[in-house]
Amino acid sequence: MTFAFIRAATASAALALVSLGSATAAVNLPALNIDKTQTTISGLSAGGFMAVQMHVAYSATFAKGAGIFAAGPYNCAEGSIINATGRCMTSTSASGIPTSTLVNTTNTWASQGLIDPVANLQNSRVYLFSGTLDTVVKPGAVDALRNYYGSFVPAANIVYKKDLAAEHAMITDDYGSGCTVKGAPFINDCNFDLAGAMLQHLYGPLNPRNNAALPAGNFIEFNQTQFITNHGMGTTGWAYVPQACQAGSSTACRLHVVLHGCKQNLTDVQQQYVRNTGYNRWADTNNIVMLYPQTGVGATNSCFDWWGYDSANYAKKSGPQMAAIKAMVDRVSSGSGTLPPDPVALPAPTGVSTSGATASSMAIGWNAVAGAASYNVYRNANKVNALPVNATSYTDTGLAASTTYSWTVRAADANGAEGATSAPVSATTQAASGGGTAVCTTASNYAHTLAGRAYAAGGYAYALGSNQNMGLWNVFVTRTLKQTAPNHYVIGTCP
């Protein structure tokens with residue numbers, strides 16, 4: 001979960017993870033009716049350090065409180081990976097971390113306007129957790145965090161649970177590995193509902209959780225590129241929106257932000273952290289929207305930036321990841337509780353044409369549609385672009401030589417709603433050159449990525465070169481890949 005431990009974690013540990021959910025296209029994050037005084041945040045390990053950063057730097061937003069599991073004080077690393085993997089993780093007592101220095105830095109930055117005023121923290125509620133068997137972020141780091149918060153938050157508002165014999169993991173009462181296990185997916189069944197205990201401390205008494213299957217439609221995969229590109233963040237994140245909180249509802253709901261640990265994003269554990277850590281069952285019966293920002297392939301060990309691998313301003317409001325998560329909170333909290341006007345259906349794109357044919361690709365072009373935010377391209381009625389197309393052209397790759405295909409295009413508005421379908425256009429790829437024999441390989445999606453025939457992104461596998469979506473990235477989905485050129489593979493079979 002944290003940096004030093006994850007360096008030793010084996011990739012094979014994540015192979016047997018069962019992927020959940022459907023492969024629906026990401027949408028823009030909806031604007032919901034949120035009571036902004038009831039916004040809270042929590043996180044585990046690297047996500048815990050990040051949650052502390054968000055809580056302190058944006059204390060006006062997260063004044064209600066925070067839950068921190070297996071993490072140390074604000075700005076603990078002070079921009080040093082040595083500090084991050086040393087004192088911030090290995091301290092056996094609070095004295096191993098210079099808490100008074102970190103408190104002074106906090107006060108200085110607040111006075112300079114680099115973070116929100118610390119006075120916002122005086123009514124916060126804080127829930128801390130450290131497993132007695134944690135060998136990754138040792139309890140001394142959380143002890144130091146307890147002392148740090150003591151400088152800003154009344155002692156009566158702080159709960160610190162440190163009596164559970166648990167290893168380094170997100171703790172549940174019914175899902176995950178054994179309580180003493182240290183390994184993927186870093187979710188351990190310890191017969192304790194950590195998410196529920198934390199939420200009840202932050203919000204007070206809650207309705208009983210929903211132990212039945214949750215509605216699939218309440219899970220939303222949203223486009224994170226609205227808020228940030230690169231900087232270690234993924235292209236998509238997830239949210240759980242109870243039916244009473246969905247767009248247009250007059251119910252003012254609460255918002256809780258959940259930050260995963262290292263090696264726990266969509267690529268690493270698929271949707272297990274989103275769906276199986278216990279948060280959503282409480283959200284469903286208590287009108288709490290759950291927001292799950294995600295790191296991406298550019299993040300060191302899939303960690304959120306809590307020591308400065310992406311930016312020297314990582315702990316300040318100006319930190320790229322910090323500002324992006326804050327923008328997500330602002331977006332989802334910007335609804336008014338009134339139904340938006342009915343969308344205006346976009347017309348079909350005109351002038352759809354093909355050009356630049358090769359043995360394995362074809363360029364598709366079309367005229368712009370007024371009001372369109374993006375476009376989607378369909379080949380033989382199947383969508384071929386993984387992300388929205390913002391231009392008026394797209395090169396479709398991974399095609400078979402000497403084969404005729406048909407393409408159509410649909411415009412989409414800012415919410416991802418598609419308009420009418422264009423008239424189809426057909427074209428034939430060029431004949432293959434060279435006369436070599438194609439090579440086909442049938443294997444699991446995971447095995448394809450290990451062999452370099454594919455790559456993983458956002459929990460899915462994509463064929464190298466053609467970028468065709470092969471389905472969920474795990475050992476259970478099997479595909480046949482055909483090599484059509486050096487470092488270029490398509491889904492298909494050999495004659």
# chains A, B, ... in the order shown; residues from 1 in each chain; ligands from 1
>>> residues_around(residues="range 417-432 of chain A", least_positions_apart="5", cutoff="10 Å", atoms="only C-alpha atoms", output="PyMOL selection string")
chain A and resi 27+343-362+364+366+369+372-381+399-412+484-485
>>> closest_atom_pairs(of="range 260-346 of chain A", to="range 231-242 of chain A", cutoff="8 Å", atoms="only C-alpha atoms", output="CSV")
residue,atom,partner,partner_atom,distance
A:Val274,CA,A:Trp238,CA,7.1
A:Asn280,CA,A:Tyr240,CA,6.6
A:Ala283,CA,A:Pro242,CA,6.9
A:Asp284,CA,A:Pro242,CA,5.1
A:Thr285,CA,A:Pro242,CA,7.9
A:Asn287,CA,A:Pro242,CA,6.2
A:Ile288,CA,A:Pro242,CA,7.1
A:Val289,CA,A:Val241,CA,5.0
A:Met290,CA,A:Tyr240,CA,5.0
A:Leu291,CA,A:Ala239,CA,4.5
A:Tyr292,CA,A:Trp238,CA,5.0
A:Pro293,CA,A:Gly237,CA,4.9
A:Gln294,CA,A:Gly237,CA,5.2
A:Thr295,CA,A:Met233,CA,4.1
A:Gly296,CA,A:Gly234,CA,3.6
A:Val297,CA,A:Gly232,CA,6.7
A:Gly298,CA,A:Gly232,CA,4.4
A:Ala299,CA,A:Gly232,CA,3.9
A:Thr300,CA,A:Gly232,CA,7.4
A:Ser302,CA,A:Gly232,CA,7.8
A:Phe304,CA,A:Gly232,CA,7.6
A:Asp305,CA,A:Gly232,CA,8.0
A:Asp310,CA,A:His231,CA,6.1
A:Pro320,CA,A:His231,CA,6.8
A:Gln321,CA,A:His231,CA,6.9
>>> select_by_dssp(residues="range 58-213 of chain A", states="helix (DSSP H, G or I)", output="PyMOL selection string")
chain A and resi 81-85+87-90+94-96+99-111+118-123+139-149+155-157+194-203
>>> closest_residue(among="A:Ser151, A:Gln112, A:Ser466, A:Ser45", to="Val136 in chain A", atoms="only C-alpha atoms")
A:Ser45
>>> closest_residue(among="A:Gln122, A:Thr277, A:Gln243, A:Ser336", to="Gln264 in chain A", atoms="only C-alpha atoms")
A:Thr277
